[in-house]
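Participant: Submitted below is the structure of interest, expressed as structure tokens.
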Amino acid sequence: MVSTGQTIPRELVIRNIDGKTSTVALDRDRITLGRSSANELCYPDDAGLSRQHLALTRVNGTWQVEDLRSKNGTLVNGKRIDQPVPFGPGDRISAGHLTLEFADAAPPANNTVVFVEHGESFSNSSTTLVANLDAVLGPQSDDLNKTYVMQGSPQMRALIRAGRELAGHRPLDELFPLIMDLSVEAVLAGRGVLMTLEGDELRLRAARGGGFKISTTVRDRVIKEKQSLLVRDAQLDQALRGQVSIVEHKVRSMIAVPLQTNDRVIGLIYVDTPHLIREFSREDLNLLTVMANVAAIRIEHARLNEIEEAERAMAKEMEQAAQIQRAMLPSSPPMVAGLDIAGKTTACRTVGGDYYDFLEFPDGRVGMLVGDVAGKGMPASLLMSSLQARVHVLFEEADDLARKLGRLNKAVCAKCPDNRFITFFMSVVDPATGELVYANAGHNPPLMVRATGGFDRLSGGGVILGVLPQATYQESRACMEPGDVLVLFSDGVTEAADPLDEDFGEERLAALVASMRGRPAGEIVEAIDGAVARFTQGAPAADDITVVVARRL
């Protein structure tokens, strides 16, 4: 974004968990962000956000950020806020899996191609010719047909060569320079540049020469109006002869044509010449227009091939990763006298970031744990694998859960990337007495559905893993009486939403478990999974879903 000298930023840059960025115009005085569609900035797939997470407000010409009582909080420059604070250039907001910053106002560095604004259109029709693809390929183009019908003409030879060269299967990084070379050689130009549209921006793909400064009038007529332009003598055209680039490079004649596939423009080719030994002609303009059409179709085919190959390779790798991940989860629950245990996780993508496990200790006690890595897909899966390895090392014994959770947090903080964190719940139950010891790191409090009716939330604990290296945790205790059912779950269960944006919620989960507390743990797990699917009415899951159920017999 080019600086205008104003101190108030005009745009906000938002970066997601995968590193992709988007730019948002700051064109109003209040902007809210969250998972709900009622926000100006809506990210429904970001499980780290609350429905109404934060608000940006412009007050007296300056911006401030306010956390809207979100579950996971809002960080400004790494510090959690509990009241509105100023937000200016250089500050960073972290919310869920997003980071927000004001757009950098510095100009881009040393671009090879610069588009130069001027207020005039082409003024001398005797020096400028205009064409378009339909006219060149249409039956009314008699002059082109007469030229190309002669097999020995330079234009025909150039077109035949282009067809042969572009017929092969070349990767894009080889295709762009080839098209550029063919274009320059076909019309005997002195230099040239090929650019493709990436969104709303033109990206340089290949060039012969450098220091191009192209009129925005040329660019807009080629891209927006799908017109090919030939300026026979730029020194005589009033709209162009005042440009520095025309004088510096002694540009006398130029051609700019769209890279057009039928009715869609994907870029442009620009060539010019510093002399008039051979002046560009109508035939050159028509030839380059047709060649650009052939080249554009070839570019699109190459792009599609590369995308398809990448998708096939990625799908294969993801399926292999899913197999590895499934092998890391418990193949079956432990068989323990006095307890009936079951667990299940379902990734919303091929691989996921949810994790559950069972640990059997020599004294007969059993560990049950659930973790939820922020985000989805392969990055979350890799962090989940790392978490599992650390858990099996740290929790070899059943005591000192709080201290071990603190060590786990330090290890996660040392390796966890920015905008990644992990919620984690660890519990140890004695099947003989029903004593339950647990520690929580920002995870959803499990539910203890009582045989006598009602349920308890196993509250207490500490902050999520991966944020504060010096965080401390606490142990809590509860008792499982015969007939009680303990339910550990990820937020993909309780935050699953129906078409009216209502959560599945803890109350609904507890009522379902209470109605089935006499059934085997495996049936309860499957019933929860099915109830969530019915509640969302078949909509794709927005987050991974994990459930662990333990019944005391």
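Chain labels A, B, ... are given in the sequence in which chains occur in the structure tokens; within each chain residues are numbered consecutively from 1, and ligands are likewise numbered from 1 in the order shown.
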Mind checking which residues fall within 9 Å of Val265 of chain A, counting only C-alpha atoms, ignoring those fewer than 3 positions away in the same chain, and posting them as a PyMOL selection string?
Facilitator: chain A and resi 196-197+222-224+226+258-262+268+296
Participant: Restricting it to N, CA, C and O atoms, dump the selection as a tab-separated table (two decimals), in the first residue's frame.
Facilitator:
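Below is the file that was written, selection-v1.tsv:
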```tsv
chain	number	residue	atom	x	y	z
A	196	THR	N	0.98	-11.84	-15.29
A	196	THR	CA	-0.30	-12.52	-15.10
A	196	THR	C	-1.06	-11.89	-13.95
A	196	THR	O	-0.47	-11.36	-13.00
A	197	LEU	N	-2.38	-11.96	-14.05
A	197	LEU	CA	-3.24	-11.45	-12.98
A	197	LEU	C	-3.31	-12.46	-11.84
A	197	LEU	O	-3.66	-13.62	-12.05
A	222	VAL	N	-5.98	-2.91	-21.99
A	222	VAL	CA	-5.68	-4.31	-22.29
A	222	VAL	C	-6.42	-5.24	-21.34
A	222	VAL	O	-7.06	-6.21	-21.77
A	223	ILE	N	-6.36	-4.96	-20.04
A	223	ILE	CA	-6.92	-5.87	-19.04
A	223	ILE	C	-8.44	-5.73	-18.95
A	223	ILE	O	-9.17	-6.73	-18.96
A	224	LYS	N	-8.93	-4.52	-18.85
A	224	LYS	CA	-10.35	-4.31	-18.59
A	224	LYS	C	-11.19	-4.32	-19.86
A	224	LYS	O	-12.33	-4.80	-19.84
A	226	LYS	N	-10.08	-5.63	-22.84
A	226	LYS	CA	-9.67	-6.76	-23.69
A	226	LYS	C	-9.24	-6.28	-25.08
A	226	LYS	O	-9.56	-6.89	-26.10
A	258	PRO	N	-3.69	-8.61	-24.57
A	258	PRO	CA	-4.15	-9.39	-23.41
A	258	PRO	C	-3.84	-10.87	-23.57
A	258	PRO	O	-3.95	-11.43	-24.66
A	259	LEU	N	-3.45	-11.50	-22.47
A	259	LEU	CA	-3.43	-12.96	-22.40
A	259	LEU	C	-4.87	-13.38	-22.12
A	259	LEU	O	-5.34	-13.33	-20.99
A	260	GLN	N	-5.57	-13.75	-23.18
A	260	GLN	CA	-7.01	-13.93	-23.10
A	260	GLN	C	-7.41	-15.35	-23.48
A	260	GLN	O	-7.04	-15.86	-24.53
A	261	THR	N	-8.16	-16.00	-22.60
A	261	THR	CA	-8.74	-17.32	-22.88
A	261	THR	C	-10.22	-17.11	-23.15
A	261	THR	O	-11.00	-16.95	-22.23
A	262	ASN	N	-10.58	-17.12	-24.41
A	262	ASN	CA	-11.97	-16.84	-24.81
A	262	ASN	C	-12.39	-15.48	-24.24
A	262	ASN	O	-11.97	-14.46	-24.74
A	268	LEU	N	-1.11	-9.97	-19.42
A	268	LEU	CA	-0.80	-9.20	-20.62
A	268	LEU	C	0.62	-9.47	-21.07
A	268	LEU	O	1.47	-9.91	-20.29
A	296	ALA	N	-2.28	-18.06	-23.57
A	296	ALA	CA	-3.13	-18.00	-22.38
A	296	ALA	C	-3.83	-19.33	-22.13
A	296	ALA	O	-3.92	-19.81	-20.99
```
Participant: I'd like to know which residues of segment 29-85 of chain A are strand (DSSP E) (by DSSP, run on the backbone); could you write them as a count of residues only?
Facilitator: 25
Participant: Closest to Asn60 of chain A among A:Pro362, A:Asp29, A:Lys316, A:Arg161, using only C-alpha atoms?
Facilitator: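 Using only C-alpha atoms, Asn60 of chain A sits closest to A:Asp29.
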Participant: Within 10 Å of Asn444 of chain A, counting only C-alpha atoms, which residues qualify if same-chain residues fewer than 3 places away don't, as a PyMOL selection string?
Facilitator: chain A and resi 370-372+423-425+440-441+447+457-459+488-491+494+506
Participant: Among segment 183-330 of chain A, which ones does DSSP assign to alpha helix (DSSP H) (computed from the backbone)? Answer as a ChimeraX atom specification.
Facilitator: /A:183-187,216-223,244-248,282-328
Participant: Output C-alpha atoms of each residue in that selection to a file, as a PDB file, in the first residue's frame.
Facilitator:
```pdb
ATOM      1  CA  SER A 183       6.569 -12.965 -28.544  1.00  0.00           C
ATOM      2  CA  VAL A 184       9.718 -10.836 -28.777  1.00  0.00           C
ATOM      3  CA  GLU A 185      11.115 -12.839 -31.676  1.00  0.00           C
ATOM      4  CA  ALA A 186       7.823 -12.965 -33.583  1.00  0.00           C
ATOM      5  CA  VAL A 187       7.608  -9.176 -33.956  1.00  0.00           C
ATOM      6  CA  THR A 216      -1.900   2.730 -16.753  1.00  0.00           C
ATOM      7  CA  THR A 217      -4.025   3.653 -19.767  1.00  0.00           C
ATOM      8  CA  VAL A 218      -2.346   0.864 -21.728  1.00  0.00           C
ATOM      9  CA  ARG A 219      -2.736  -1.552 -18.838  1.00  0.00           C
ATOM     10  CA  ASP A 220      -6.418  -0.793 -18.242  1.00  0.00           C
ATOM     11  CA  ARG A 221      -7.428  -0.973 -21.901  1.00  0.00           C
ATOM     12  CA  VAL A 222      -5.677  -4.312 -22.293  1.00  0.00           C
ATOM     13  CA  ILE A 223      -6.921  -5.867 -19.040  1.00  0.00           C
ATOM     14  CA  VAL A 244      10.198   9.521 -18.466  1.00  0.00           C
ATOM     15  CA  SER A 245      10.410   5.873 -19.555  1.00  0.00           C
ATOM     16  CA  ILE A 246       9.649   6.786 -23.154  1.00  0.00           C
ATOM     17  CA  VAL A 247      12.546   9.249 -23.177  1.00  0.00           C
ATOM     18  CA  GLU A 248      15.020   7.183 -21.148  1.00  0.00           C
ATOM     19  CA  ARG A 282      -1.043  -4.191 -38.120  1.00  0.00           C
ATOM     20  CA  GLU A 283       0.090  -7.740 -38.927  1.00  0.00           C
ATOM     21  CA  ASP A 284       2.392  -7.712 -35.868  1.00  0.00           C
ATOM     22  CA  LEU A 285      -0.500  -6.574 -33.701  1.00  0.00           C
ATOM     23  CA  ASN A 286      -2.802  -9.303 -35.032  1.00  0.00           C
ATOM     24  CA  LEU A 287      -0.079 -11.943 -34.773  1.00  0.00           C
ATOM     25  CA  LEU A 288       0.737 -11.130 -31.161  1.00  0.00           C
ATOM     26  CA  THR A 289      -2.972 -11.045 -30.294  1.00  0.00           C
ATOM     27  CA  VAL A 290      -3.461 -14.568 -31.635  1.00  0.00           C
ATOM     28  CA  MET A 291      -0.245 -15.844 -30.054  1.00  0.00           C
ATOM     29  CA  ALA A 292      -1.298 -14.408 -26.687  1.00  0.00           C
ATOM     30  CA  ASN A 293      -4.605 -16.257 -26.969  1.00  0.00           C
ATOM     31  CA  VAL A 294      -2.832 -19.552 -27.676  1.00  0.00           C
ATOM     32  CA  ALA A 295      -0.367 -18.881 -24.870  1.00  0.00           C
ATOM     33  CA  ALA A 296      -3.131 -17.998 -22.379  1.00  0.00           C
ATOM     34  CA  ILE A 297      -4.955 -21.272 -23.058  1.00  0.00           C
ATOM     35  CA  ARG A 298      -1.695 -23.174 -22.625  1.00  0.00           C
ATOM     36  CA  ILE A 299      -0.988 -21.352 -19.351  1.00  0.00           C
ATOM     37  CA  GLU A 300      -4.414 -22.241 -17.991  1.00  0.00           C
ATOM     38  CA  HIS A 301      -3.966 -25.895 -18.952  1.00  0.00           C
ATOM     39  CA  ALA A 302      -0.552 -25.965 -17.263  1.00  0.00           C
ATOM     40  CA  ARG A 303      -1.998 -24.359 -14.146  1.00  0.00           C
ATOM     41  CA  LEU A 304      -4.810 -26.890 -13.962  1.00  0.00           C
ATOM     42  CA  ASN A 305      -2.370 -29.773 -14.460  1.00  0.00           C
ATOM     43  CA  GLU A 306      -0.117 -28.519 -11.680  1.00  0.00           C
ATOM     44  CA  ILE A 307      -3.085 -28.016  -9.353  1.00  0.00           C
ATOM     45  CA  GLU A 308      -4.425 -31.495 -10.077  1.00  0.00           C
ATOM     46  CA  GLU A 309      -1.022 -33.106  -9.566  1.00  0.00           C
ATOM     47  CA  ALA A 310      -0.499 -31.213  -6.325  1.00  0.00           C
ATOM     48  CA  GLU A 311      -3.976 -32.173  -5.099  1.00  0.00           C
ATOM     49  CA  ARG A 312      -3.412 -35.842  -5.921  1.00  0.00           C
ATOM     50  CA  ALA A 313      -0.070 -35.845  -4.133  1.00  0.00           C
ATOM     51  CA  MET A 314      -1.524 -33.999  -1.164  1.00  0.00           C
ATOM     52  CA  ALA A 315      -4.511 -36.355  -0.927  1.00  0.00           C
ATOM     53  CA  LYS A 316      -2.183 -39.353  -0.912  1.00  0.00           C
ATOM     54  CA  GLU A 317       0.053 -37.824   1.742  1.00  0.00           C
ATOM     55  CA  MET A 318      -2.933 -36.805   3.870  1.00  0.00           C
ATOM     56  CA  GLU A 319      -4.394 -40.307   3.751  1.00  0.00           C
ATOM     57  CA  GLN A 320      -1.042 -41.747   4.826  1.00  0.00           C
ATOM     58  CA  ALA A 321      -0.872 -39.178   7.616  1.00  0.00           C
ATOM     59  CA  ALA A 322      -4.389 -40.138   8.696  1.00  0.00           C
ATOM     60  CA  GLN A 323      -3.390 -43.802   8.879  1.00  0.00           C
ATOM     61  CA  ILE A 324      -0.370 -42.917  11.002  1.00  0.00           C
ATOM     62  CA  GLN A 325      -2.475 -40.722  13.252  1.00  0.00           C
ATOM     63  CA  ARG A 326      -5.120 -43.405  13.747  1.00  0.00           C
ATOM     64  CA  ALA A 327      -2.377 -45.859  14.697  1.00  0.00           C
ATOM     65  CA  MET A 328      -1.199 -43.457  17.423  1.00  0.00           C
TER      66      MET A 328
END
```
Participant: Using only C-alpha atoms, which of A:Leu229, A:Arg35, A:Ala103, A:Ala451 sits nearest Gly518 of chain A?
Facilitator: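 Closest to Gly518 of chain A, using only C-alpha atoms: A:Ala451.
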Participant: Between A:Asp418, A:Glu40, A:Glu198, A:Glu117, single out the one closest to Gly96 of chain A, counting only C-alpha atoms.
Facilitator: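 Using only C-alpha atoms, the shortest distance to Gly96 of chain A belongs to A:Asp418.
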Participant: For Tyr355 of chain A, which residue among A:Val547, A:Gly210, A:Met254, A:Val393 is the nearest when counting only C-alpha atoms?
Facilitator: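 The answer is A:Val547, which sits nearest to Tyr355 of chain A.
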Participant: Name the residues in contact with Pro89 of chain A at a cut-off of 8 Å, using only C-alpha atoms, excluding same-chain residues fewer than 6 positions from it; report them as a list in words.
Facilitator: Pro9, Glu101 and Phe102 of chain A
Participant: For the residues selected in the previous step, produce a file with C-alpha atoms as a CSV table (one decimal), in the first residue's frame.
Facilitator:
```
chain,number,residue,atom,x,y,z
A,9,PRO,CA,-4.2,3.6,8.7
A,101,GLU,CA,-2.0,-5.6,12.1
A,102,PHE,CA,-2.4,-2.4,10.3
```
